[in-house]
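A.B. asks: Have a look at the structure that comes next, please.
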Amino acid sequence: MLIRSIKEMKQVVKKLKKEGKTIGFVPTMGYLHEGHRSLMRCSKKENQITVVSVFVNPIQFGEGEDLDRYPRDLERDLQVCREEGVDFLFHPKVEEMYPEGYSTYVVVEGLTEGLCGAFREGHFKGVSTVVAKLFNIVQPDRAYFGRKDYQQLIVIKRMVEDLNMDVEVVDCPIVREEDGLALSSRNKYLSPEERRSALSLSKALFRAKELFEAGERDAEKIKEEMRKIIKSYPEVKDIQYIEIVHPHTLKPKKKAEKGDVVALAVFIGNTRLIDNITL
Ligand code: AMP
């Protein structure tokens, strides 16, 4: 079940391919939660074999970000995978993924410039590179990504199309706590007071959708109301961005339309949270 080396993972994949098995793949950074579980369940339904990877990818973290304190608990992750009937948990070592002399990167241009890309330099280069590597190792028929990381999903879809990769990228809905907070491994950082203020993200997004459904189309007005809501919570330290973007180009819109994505990043204390909603 647990595979720790690239070589072993490739051997297993080779055998599975020979047997004609379809492979579903769920790449994660671990500390698995209900959002990850939903991806595993989708994969289980549509493929004969499901592979989950747990890899905290150092090259997608910028300086001063939370690489060192990112929550890790392999035993717990293994347990979650067992409960979900996952076939293999792939947990490669950093030194094997990026040995000395490592020099090759995948860069998706344009789509990575706005939203999170504007604030996390090199982040998406790290993401597309690790996902390309993982796709080469696991050779999945389908790969499952959450809409929670909407920009990431669009970037990966673009990479797969541009590089003619033989994998279908499947997107899955955002899983939320009962009160609306989107599940995230980073929620673990939140103190009880911060947890209450973290609700500001989903509250603002739900309000945006409500306004849109009531006929409001002026993006600036919608964003202004969202800002007001978010700022009313005590632990909100900084609103990094609020944008209404086209779902495919990720270009900011002045007039909101059905299908557009409202996305935001907010610092609750020292914790940076992201969320989005589709109008
Ligand atoms: P991470 O471990 O945070 O890198 O996330 C791994 C995958 O799980 C990504 O495709 C995420 O978009 C997805 N994911 C994370 N949180 C959620 C959530 N609350 N709902 C749905 N998918 C999620």
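Letters A, B, ... go to the chains of the structure tokens in the order shown; residues in each chain start at 1; ligands are counted from 1 in the same order.
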Can I get the residues close to ligand 1 as a PDB file with C-alpha atoms, in the first residue's frame, where close means within 9 Å and we count only C-alpha atoms and all ligand atoms?

C.D. replies:
ATOM      1  CA  VAL A  26      -5.124  12.090  -6.497  1.00  0.00           C
ATOM      2  CA  PRO A  27      -2.070  14.302  -5.881  1.00  0.00           C
ATOM      3  CA  THR A  28      -2.008  15.930  -2.427  1.00  0.00           C
ATOM      4  CA  MET A  29       0.318  17.448   0.140  1.00  0.00           C
ATOM      5  CA  GLY A  30      -1.162  15.227   2.832  1.00  0.00           C
ATOM      6  CA  TYR A  31      -2.767  15.910   6.183  1.00  0.00           C
ATOM      7  CA  LEU A  32      -5.775  14.462   4.438  1.00  0.00           C
ATOM      8  CA  HIS A  33      -9.277  15.728   5.111  1.00  0.00           C
ATOM      9  CA  GLU A  34     -12.803  15.356   3.780  1.00  0.00           C
ATOM     10  CA  GLY A  35     -11.927  17.395   0.650  1.00  0.00           C
ATOM     11  CA  HIS A  36      -9.194  14.912  -0.257  1.00  0.00           C
ATOM     12  CA  ARG A  37     -11.522  12.032   0.580  1.00  0.00           C
ATOM     13  CA  SER A  38     -14.064  13.321  -1.942  1.00  0.00           C
ATOM     14  CA  LEU A  39     -11.402  13.203  -4.682  1.00  0.00           C
ATOM     15  CA  VAL A  54       1.389  12.715  -0.368  1.00  0.00           C
ATOM     16  CA  PHE A  55       4.265  15.061  -1.096  1.00  0.00           C
ATOM     17  CA  VAL A  56       4.900  18.451   0.469  1.00  0.00           C
ATOM     18  CA  ASN A  57       6.501  19.968  -2.599  1.00  0.00           C
ATOM     19  CA  TYR A 144      -8.540  14.457  -9.697  1.00  0.00           C
ATOM     20  CA  PHE A 145      -8.236  18.072  -8.572  1.00  0.00           C
ATOM     21  CA  GLY A 146     -10.456  20.139  -6.274  1.00  0.00           C
ATOM     22  CA  ARG A 147     -12.048  23.389  -7.400  1.00  0.00           C
ATOM     23  CA  LYS A 148     -10.905  24.760  -4.039  1.00  0.00           C
ATOM     24  CA  ASP A 149      -7.589  25.598  -5.740  1.00  0.00           C
ATOM     25  CA  TYR A 150      -9.304  26.952  -8.822  1.00  0.00           C
ATOM     26  CA  GLN A 152      -4.239  25.461  -9.942  1.00  0.00           C
ATOM     27  CA  LEU A 153      -6.938  23.399 -11.643  1.00  0.00           C
ATOM     28  CA  ASP A 171     -12.410  18.646 -11.312  1.00  0.00           C
ATOM     29  CA  CYS A 172     -14.352  18.052  -8.101  1.00  0.00           C
ATOM     30  CA  PRO A 173     -16.531  20.437  -6.064  1.00  0.00           C
ATOM     31  CA  ILE A 174     -15.312  22.275  -2.964  1.00  0.00           C
ATOM     32  CA  VAL A 175     -16.052  20.426   0.264  1.00  0.00           C
ATOM     33  CA  ARG A 176     -17.023  22.753   3.110  1.00  0.00           C
ATOM     34  CA  GLU A 177     -17.593  22.502   6.835  1.00  0.00           C
ATOM     35  CA  LEU A 181     -15.527  27.153   5.715  1.00  0.00           C
ATOM     36  CA  ALA A 182     -13.745  25.336   2.866  1.00  0.00           C
ATOM     37  CA  LEU A 183     -11.716  22.420   4.182  1.00  0.00           C
ATOM     38  CA  SER A 184      -7.962  22.934   4.017  1.00  0.00           C
ATOM     39  CA  SER A 185      -4.959  21.370   5.708  1.00  0.00           C
ATOM     40  CA  ARG A 186      -4.009  24.924   6.695  1.00  0.00           C
ATOM     41  CA  ASP A 275     -11.607  30.156  -1.521  1.00  0.00           C
TER      42      ASP A 275
END

A.B. asks: Do a neighbour search on His123 in chain A at 8 Å with only C-alpha atoms, toss out local chain neighbours closer than 5 positions, and write the hits as a PyMOL selection string.

C.D. replies: chain A and resi 59-62+117

A.B. asks: Find the nearest atom pair between each residue of range 201-265 of chain A and range 193-196 of chain A for residues within 10 Å, count only C-alpha atoms, give distances in Å to one decimal, sort rows by chain and ascending number, and present the table as a tab-separated table.

C.D. replies:
residue	atom	partner	partner_atom	distance
A:Tyr233	CA	A:Arg196	CA	8.2
A:Pro234	CA	A:Glu194	CA	8.3
A:Glu235	CA	A:Glu194	CA	5.6
A:Val236	CA	A:Glu194	CA	8.0

A.B. asks: Restricting the output to C-alpha atoms, write the selected residues as a JSON list (two decimals), in the first residue's frame.

C.D. replies:
[["chain", "number", "residue", "atom", "x", "y", "z"],
["A", 233, "TYR", "CA", -14.24, 40.04, 11.29],
["A", 234, "PRO", "CA", -11.66, 40.76, 14.04],
["A", 235, "GLU", "CA", -8.85, 38.35, 13.06],
["A", 236, "VAL", "CA", -8.66, 39.42, 9.41]]

A.B. asks: Under the rule that only C-alpha atoms are counted, which of A:Asn47, A:Gly85, A:Val155, A:Lys253 is the nearest residue to Cys116 in chain A?

C.D. replies: A:Val155

A.B. asks: I'd like to know which residues of range 13-97 of chain A are strand (DSSP E) (by DSSP, run on the backbone); could you write them as a ChimeraX atom specification?

C.D. replies: /A:23-28,49-54,88-90

A.B. asks: Residues within 8 Å of Leu264 in chain A, please, as a ChimeraX atom specification. Count only C-alpha atoms; anything in the same chain fewer than 3 positions from it doesn't count.

C.D. replies: /A:115,201,239-243,274-276

A.B. asks: What does the file look like for those residues with C-alpha atoms, as an mmCIF file, in the first residue's frame?

C.D. replies:
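Contents of the output file result-v3.cif:
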data_model
loop_
_atom_site.group_PDB
_atom_site.id
_atom_site.type_symbol
_atom_site.label_atom_id
_atom_site.label_comp_id
_atom_site.auth_asym_id
_atom_site.auth_seq_id
_atom_site.Cartn_x
_atom_site.Cartn_y
_atom_site.Cartn_z
ATOM 1 C CA LEU A 115 -4.749 35.879 -8.543
ATOM 2 C CA LEU A 201 -14.256 34.120 3.205
ATOM 3 C CA ILE A 239 -7.223 40.899 2.130
ATOM 4 C CA GLN A 240 -4.666 39.874 -0.482
ATOM 5 C CA TYR A 241 -7.097 39.934 -3.388
ATOM 6 C CA ILE A 242 -10.743 39.653 -4.318
ATOM 7 C CA GLU A 243 -11.379 39.107 -8.027
ATOM 8 C CA ILE A 274 -8.117 30.938 -0.324
ATOM 9 C CA ASP A 275 -11.607 30.156 -1.521
ATOM 10 C CA ASN A 276 -13.867 30.757 -4.519
#

A.B. asks: Please give the complete set of residues from range 196-260 of chain A that DSSP, run on the backbone, assigns to alpha helix (DSSP H), formatted as a PyMOL selection string.

C.D. replies: chain A and resi 196-197+199-213+219-231

A.B. asks: Pick out the residues sitting within 8 Å of range 50-53 of chain A, and hand them over as a list in words; count only C-alpha atoms, and ignore anything fewer than 5 positions along from it in its own chain.

C.D. replies: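 Listing them by chain and then by number gives Ile23, Gly24, Phe25, Val26, Pro27, Thr28, Met29, Gly30, Met40, Ser43, Lys44, Cys81, Val86, Asp87, Phe88, Leu89, Phe90, His91 and Val138 of chain A.
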
A.B. asks: Write out as a ChimeraX atom specification which residues come within 10 Å of range 246-251 of chain A when counting only C-alpha atoms, dropping same-chain ones fewer than 6 positions away.

C.D. replies: /A:110-115,150-151,154-155,157-158,257-263,278-279
